[in-house]
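K.L.:
My questions all concern the structure below.
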Amino acid sequence: MSSPAPAAAPAKFGARGRRASSIFQPLLPLVDIAQLPFILITAENEDYEAKARNKLLRYEFRKGEEYTGEVADNKAQGHGVFLFRGCKFGGLWECGFEYIGCYVWTNNVKYSGFWANGKRNGEGVEQHKNYVYKGEWVDDLKEGYGVISSNGGSRYEGTWHKGLQEGCGIEIYRDGSREQSVLLLEQS
């Protein structure tokens, strides 16, 4: 899990052809790890492979990281929770990588949604102290259609590219006024 804390800056439309309304459907609920029927194994060193195949596992790494959850072929697979330098990911794992779930960074930024190869990819919701973004992600950046709403009541609905607002969109201000725009960023 090498994802850095996300940048606060916002960011194109329908990059993968998904319907915008699908981002508002509820995500798969996270499983309370305490509810899983664990066969707890505490591994004290790297020689745990024989014990960990196709079981539920609690593994503490040397630097204080900890994984508790299902494994298959010595990789996180299924439901699990990973604690890493004060951050936490809970959800579904596939072949050792996050697949769908919730990540909470040390600065209390939260992301719930889909992942691929350790990065936010697909539909997801990012919650910051001052705003919420619901939309599409590619390689850890806002990409495609998304809606960002501030706690102050204004919001932007439109397209994003490489983490920035770009393309067609509408800004809806706190007083209810609206402004449509087409934002094209210069290519350098």
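The chains in the structure tokens are called A, B, ... from first to last as shown; in each chain the residues are counted from 1, and the ligands are counted from 1 in the order shown.
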Env of region 114-127 of chain A: 7 Å cut, atoms = only C-alpha atoms, seq-sep filter 2 positions within chain, self excluded. Answer as a tab-separated table (two decimals) with all heavy atoms, in the first residue's frame.

P.N.:
```tsv
chain	number	residue	atom	x	y	z
A	1	MET	N	0.85	-1.16	0.00
A	1	MET	CA	0.00	0.00	0.00
A	1	MET	C	0.89	1.22	0.00
A	1	MET	O	1.24	1.72	1.04
A	1	MET	CB	-0.88	0.02	1.24
A	1	MET	CG	-1.72	-1.19	1.47
A	1	MET	SD	-3.40	-1.00	0.96
A	1	MET	CE	-3.84	0.52	1.73
A	2	SER	N	1.27	1.68	-1.13
A	2	SER	CA	2.18	2.80	-1.21
A	2	SER	C	1.48	4.08	-1.61
A	2	SER	O	2.13	5.03	-1.99
A	2	SER	CB	3.30	2.47	-2.19
A	2	SER	OG	2.74	2.24	-3.46
A	3	SER	N	0.17	4.12	-1.55
A	3	SER	CA	-0.56	5.32	-1.95
A	3	SER	C	-0.28	6.46	-0.99
A	3	SER	O	-0.48	6.32	0.21
A	3	SER	CB	-2.06	5.06	-1.97
A	3	SER	OG	-2.37	4.09	-2.92
A	23	ILE	N	-22.23	6.16	-9.98
A	23	ILE	CA	-21.32	6.48	-8.88
A	23	ILE	C	-22.05	6.73	-7.58
A	23	ILE	O	-21.45	6.74	-6.52
A	23	ILE	CB	-20.42	7.69	-9.21
A	23	ILE	CG1	-21.25	8.95	-9.41
A	23	ILE	CG2	-19.53	7.40	-10.38
A	23	ILE	CD1	-20.43	10.20	-9.55
A	97	PHE	N	-3.64	-7.26	-3.61
A	97	PHE	CA	-3.90	-5.83	-3.78
A	97	PHE	C	-5.32	-5.49	-3.33
A	97	PHE	O	-6.22	-6.33	-3.39
A	97	PHE	CB	-3.75	-5.41	-5.25
A	97	PHE	CG	-2.34	-5.35	-5.73
A	97	PHE	CD1	-1.84	-6.38	-6.52
A	97	PHE	CD2	-1.52	-4.29	-5.41
A	97	PHE	CE1	-0.53	-6.32	-6.98
A	97	PHE	CE2	-0.22	-4.22	-5.86
A	97	PHE	CZ	0.28	-5.25	-6.65
A	98	GLU	N	-5.52	-4.23	-2.94
A	98	GLU	CA	-6.85	-3.75	-2.61
A	98	GLU	C	-7.74	-3.87	-3.84
A	98	GLU	O	-7.30	-3.59	-4.94
A	98	GLU	CB	-6.83	-2.27	-2.19
A	98	GLU	CG	-5.83	-1.91	-1.14
A	98	GLU	CD	-4.49	-1.46	-1.70
A	98	GLU	OE1	-4.09	-1.91	-2.79
A	98	GLU	OE2	-3.83	-0.66	-1.02
A	99	TYR	N	-9.01	-4.27	-3.65
A	99	TYR	CA	-9.94	-4.37	-4.77
A	99	TYR	C	-11.12	-3.41	-4.58
A	99	TYR	O	-11.42	-2.61	-5.44
A	99	TYR	CB	-10.43	-5.81	-4.94
A	99	TYR	CG	-11.47	-5.95	-6.01
A	99	TYR	CD1	-11.14	-5.71	-7.35
A	99	TYR	CD2	-12.77	-6.28	-5.71
A	99	TYR	CE1	-12.10	-5.81	-8.35
A	99	TYR	CE2	-13.74	-6.38	-6.70
A	99	TYR	CZ	-13.39	-6.15	-8.02
A	99	TYR	OH	-14.34	-6.24	-8.99
A	100	ILE	N	-11.78	-3.51	-3.44
A	100	ILE	CA	-12.85	-2.57	-3.11
A	100	ILE	C	-12.87	-2.42	-1.60
A	100	ILE	O	-12.76	-3.39	-0.87
A	100	ILE	CB	-14.23	-3.01	-3.64
A	100	ILE	CG1	-15.30	-1.96	-3.33
A	100	ILE	CG2	-14.62	-4.37	-3.11
A	100	ILE	CD1	-16.64	-2.22	-3.97
A	101	GLY	N	-12.97	-1.18	-1.15
A	101	GLY	CA	-12.99	-0.96	0.28
A	101	GLY	C	-12.75	0.48	0.65
A	101	GLY	O	-12.83	1.37	-0.19
A	109	VAL	N	-8.42	11.82	5.78
A	109	VAL	CA	-9.04	11.76	4.46
A	109	VAL	C	-9.46	10.32	4.24
A	109	VAL	O	-8.71	9.39	4.56
A	109	VAL	CB	-8.05	12.21	3.35
A	109	VAL	CG1	-8.62	11.95	1.97
A	109	VAL	CG2	-7.72	13.67	3.52
A	110	LYS	N	-10.68	10.12	3.71
A	110	LYS	CA	-11.21	8.77	3.51
A	110	LYS	C	-11.56	8.57	2.04
A	110	LYS	O	-12.09	9.47	1.40
A	110	LYS	CB	-12.48	8.57	4.34
A	110	LYS	CG	-12.24	8.67	5.81
A	110	LYS	CD	-13.54	8.60	6.58
A	110	LYS	CE	-13.22	8.85	8.04
A	110	LYS	NZ	-14.26	9.50	8.74
A	111	TYR	N	-11.29	7.38	1.55
A	111	TYR	CA	-11.70	7.00	0.20
A	111	TYR	C	-12.39	5.65	0.28
A	111	TYR	O	-11.84	4.70	0.85
A	111	TYR	CB	-10.49	6.89	-0.74
A	111	TYR	CG	-10.84	6.29	-2.08
A	111	TYR	CD1	-11.42	7.07	-3.08
A	111	TYR	CD2	-10.62	4.95	-2.34
A	111	TYR	CE1	-11.76	6.52	-4.31
A	111	TYR	CE2	-10.96	4.39	-3.57
A	111	TYR	CZ	-11.53	5.18	-4.54
A	111	TYR	OH	-11.88	4.63	-5.75
A	112	SER	N	-13.58	5.57	-0.28
A	112	SER	CA	-14.31	4.31	-0.38
A	112	SER	C	-14.58	4.05	-1.85
A	112	SER	O	-15.14	4.90	-2.53
A	112	SER	CB	-15.66	4.38	0.35
A	112	SER	OG	-15.46	4.61	1.71
A	129	LYS	N	-11.97	17.11	4.82
A	129	LYS	CA	-12.57	17.96	5.84
A	129	LYS	C	-13.52	18.98	5.22
A	129	LYS	O	-14.59	19.25	5.76
A	129	LYS	CB	-11.46	18.68	6.61
A	129	LYS	CG	-11.93	19.61	7.68
A	129	LYS	CD	-10.76	20.26	8.39
A	129	LYS	CE	-11.25	21.26	9.42
A	129	LYS	NZ	-10.13	21.94	10.05
A	131	TYR	N	-14.58	19.05	1.70
A	131	TYR	CA	-15.34	18.66	0.51
A	131	TYR	C	-15.44	17.15	0.37
A	131	TYR	O	-14.72	16.39	1.02
A	131	TYR	CB	-14.72	19.27	-0.76
A	131	TYR	CG	-13.40	18.66	-1.18
A	131	TYR	CD1	-13.36	17.52	-1.99
A	131	TYR	CD2	-12.19	19.21	-0.79
A	131	TYR	CE1	-12.16	16.97	-2.38
A	131	TYR	CE2	-10.99	18.67	-1.18
A	131	TYR	CZ	-10.98	17.54	-1.98
A	131	TYR	OH	-9.80	16.99	-2.37
A	132	VAL	N	-16.37	16.73	-0.52
A	132	VAL	CA	-16.55	15.33	-0.88
A	132	VAL	C	-16.53	15.24	-2.40
A	132	VAL	O	-17.18	16.03	-3.08
A	132	VAL	CB	-17.89	14.77	-0.34
A	132	VAL	CG1	-18.14	13.36	-0.84
A	132	VAL	CG2	-17.92	14.81	1.17
A	133	TYR	N	-15.77	14.28	-2.93
A	133	TYR	CA	-15.74	14.01	-4.37
A	133	TYR	C	-16.33	12.63	-4.62
A	133	TYR	O	-15.92	11.66	-3.99
A	133	TYR	CB	-14.31	14.06	-4.91
A	133	TYR	CG	-14.20	13.57	-6.34
A	133	TYR	CD1	-14.51	14.40	-7.41
A	133	TYR	CD2	-13.81	12.27	-6.62
A	133	TYR	CE1	-14.43	13.96	-8.72
A	133	TYR	CE2	-13.71	11.82	-7.93
A	133	TYR	CZ	-14.03	12.66	-8.97
A	133	TYR	OH	-13.95	12.21	-10.26
A	134	LYS	N	-17.31	12.54	-5.53
A	134	LYS	CA	-17.90	11.27	-5.95
A	134	LYS	C	-17.68	11.16	-7.44
A	134	LYS	O	-18.15	12.01	-8.20
A	134	LYS	CB	-19.40	11.22	-5.66
A	134	LYS	CG	-19.74	11.28	-4.20
A	134	LYS	CD	-21.25	11.26	-4.00
A	134	LYS	CE	-21.57	11.40	-2.51
A	134	LYS	NZ	-23.02	11.34	-2.29
A	135	GLY	N	-16.94	10.16	-7.87
A	135	GLY	CA	-16.69	10.06	-9.30
A	135	GLY	C	-15.71	8.97	-9.66
A	135	GLY	O	-15.46	8.04	-8.90
A	136	GLU	N	-15.15	9.13	-10.85
A	136	GLU	CA	-14.26	8.13	-11.43
A	136	GLU	C	-12.80	8.47	-11.16
A	136	GLU	O	-12.43	9.64	-11.05
A	136	GLU	CB	-14.50	8.05	-12.94
A	136	GLU	CG	-15.91	7.59	-13.29
A	136	GLU	CD	-16.14	7.58	-14.78
A	136	GLU	OE1	-16.34	8.66	-15.35
A	136	GLU	OE2	-16.09	6.48	-15.36
A	137	TRP	N	-12.00	7.40	-11.09
A	137	TRP	CA	-10.57	7.50	-10.81
A	137	TRP	C	-9.79	6.64	-11.80
A	137	TRP	O	-10.26	5.56	-12.19
A	137	TRP	CB	-10.25	6.99	-9.41
A	137	TRP	CG	-10.87	7.78	-8.33
A	137	TRP	CD1	-12.15	7.68	-7.86
A	137	TRP	CD2	-10.27	8.82	-7.57
A	137	TRP	NE1	-12.38	8.58	-6.86
A	137	TRP	CE2	-11.24	9.29	-6.65
A	137	TRP	CE3	-9.00	9.38	-7.56
A	137	TRP	CZ2	-10.96	10.31	-5.75
A	137	TRP	CZ3	-8.73	10.39	-6.66
A	137	TRP	CH2	-9.71	10.85	-5.76
A	138	VAL	N	-8.59	7.09	-12.16
A	138	VAL	CA	-7.65	6.29	-12.94
A	138	VAL	C	-6.26	6.55	-12.36
A	138	VAL	O	-5.85	7.70	-12.23
A	138	VAL	CB	-7.67	6.65	-14.45
A	138	VAL	CG1	-6.56	5.91	-15.19
A	138	VAL	CG2	-9.03	6.33	-15.05
A	139	ASP	N	-5.58	5.50	-11.98
A	139	ASP	CA	-4.22	5.60	-11.43
A	139	ASP	C	-4.09	6.65	-10.34
A	139	ASP	O	-3.18	7.48	-10.34
A	139	ASP	CB	-3.19	5.87	-12.53
A	139	ASP	CG	-3.03	4.67	-13.46
A	139	ASP	OD1	-3.28	3.54	-13.00
A	139	ASP	OD2	-2.66	4.88	-14.63
A	140	ASP	N	-5.02	6.64	-9.39
A	140	ASP	CA	-5.01	7.51	-8.21
A	140	ASP	C	-5.38	8.97	-8.50
A	140	ASP	O	-5.21	9.82	-7.63
A	140	ASP	CB	-3.64	7.48	-7.51
A	140	ASP	CG	-3.74	6.87	-6.11
A	140	ASP	OD1	-4.81	6.37	-5.74
A	140	ASP	OD2	-2.73	6.91	-5.39
```

K.L.:
Nearest to Val147 (chain A): which of A:Trp105, A:Trp160, A:Tyr173, A:Phe61 is it, counting only C-alpha atoms?

P.N.:
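Between A:Trp105, A:Trp160, A:Tyr173, A:Phe61, the residue approaching Val147 (chain A) most closely is A:Trp160.
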
K.L.:
Expressed in Å to a single decimal, how great is the separation between CA of Leu83 (chain A) and CA of Glu143 (chain A)?

P.N.:
27.5 Å

K.L.:
Find the residue from A:Lys162, A:Gly91, A:Gly169, A:Gly86 that sits nearest to Gly69 (chain A); use only C-alpha atoms when measuring.

P.N.:
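Closest to Gly69 (chain A), using only C-alpha atoms: A:Gly91.
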
K.L.:
Can you tell me, as a list in words, what residues are no more than 9 Å from Arg174 (chain A) when counting only C-alpha atoms, ignoring any on the same chain fewer than 6 positions away?

P.N.:
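My list of contacting residues is Gly152, Gly153, Ser154 and Arg155 of chain A.
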
K.L.:
Leaving out Leu183 (chain A) and any residue of its chain fewer than 2 positions from it, which residues lie within 9 Å of it when counting only C-alpha atoms, given as a list in words?

P.N.:
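Once the nearby chain positions are removed, what remains is Gln165, Glu166, Gly167, Cys168, Gly169, Ser181 and Leu185 of chain A.
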
K.L.:
Quick one: everything within 9 Å of Glu66 (chain A), counting only C-alpha atoms, minus sequence neighbours fewer than 4 positions away in the same chain. Send it as a PDB file with N, CA and C atoms, in the first residue's frame.

P.N.:
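After the write, around.pdb holds the following:
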```pdb
ATOM      1  N   ARG A  58      -3.560 -13.436  10.820  1.00  0.00           N
ATOM      2  CA  ARG A  58      -3.126 -12.151  11.357  1.00  0.00           C
ATOM      3  C   ARG A  58      -1.615 -12.155  11.258  1.00  0.00           C
ATOM      4  N   TYR A  59      -1.089 -11.201  10.519  1.00  0.00           N
ATOM      5  CA  TYR A  59       0.344 -11.151  10.302  1.00  0.00           C
ATOM      6  C   TYR A  59       0.865  -9.782  10.672  1.00  0.00           C
ATOM      7  N   GLU A  60       1.861  -9.728  11.532  1.00  0.00           N
ATOM      8  CA  GLU A  60       2.499  -8.477  11.915  1.00  0.00           C
ATOM      9  C   GLU A  60       3.854  -8.402  11.235  1.00  0.00           C
ATOM     10  N   PHE A  61       4.063  -7.322  10.487  1.00  0.00           N
ATOM     11  CA  PHE A  61       5.309  -7.129   9.777  1.00  0.00           C
ATOM     12  C   PHE A  61       6.318  -6.444  10.690  1.00  0.00           C
ATOM     13  N   VAL A  81      -8.112  -6.443   6.669  1.00  0.00           N
ATOM     14  CA  VAL A  81      -7.775  -5.094   7.127  1.00  0.00           C
ATOM     15  C   VAL A  81      -6.258  -4.986   7.189  1.00  0.00           C
ATOM     16  N   PHE A  82      -5.733  -3.877   6.658  1.00  0.00           N
ATOM     17  CA  PHE A  82      -4.300  -3.627   6.672  1.00  0.00           C
ATOM     18  C   PHE A  82      -4.037  -2.316   7.383  1.00  0.00           C
ATOM     19  N   LEU A  83      -3.198  -2.325   8.407  1.00  0.00           N
ATOM     20  CA  LEU A  83      -2.799  -1.122   9.134  1.00  0.00           C
ATOM     21  C   LEU A  83      -1.363  -0.807   8.730  1.00  0.00           C
ATOM     22  N   PHE A  84      -1.130   0.453   8.330  1.00  0.00           N
ATOM     23  CA  PHE A  84       0.140   0.819   7.733  1.00  0.00           C
ATOM     24  C   PHE A  84       0.480   2.257   8.094  1.00  0.00           C
TER      25      PHE A  84
END
```

K.L.:
Could you tell me how far CA of Asp175 (chain A) lies from CA of Gly146 (chain A), in Å and to one decimal?

P.N.:
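CA of Gly146 (chain A) lies at a distance of 21.2 Å from CA of Asp175 (chain A).
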
K.L.:
Given only C-alpha atoms as the basis, pick out the residue of A:Leu92, A:Ile170, A:Leu141, A:Leu184 nearest to Glu70 (chain A).

P.N.:
A:Leu92
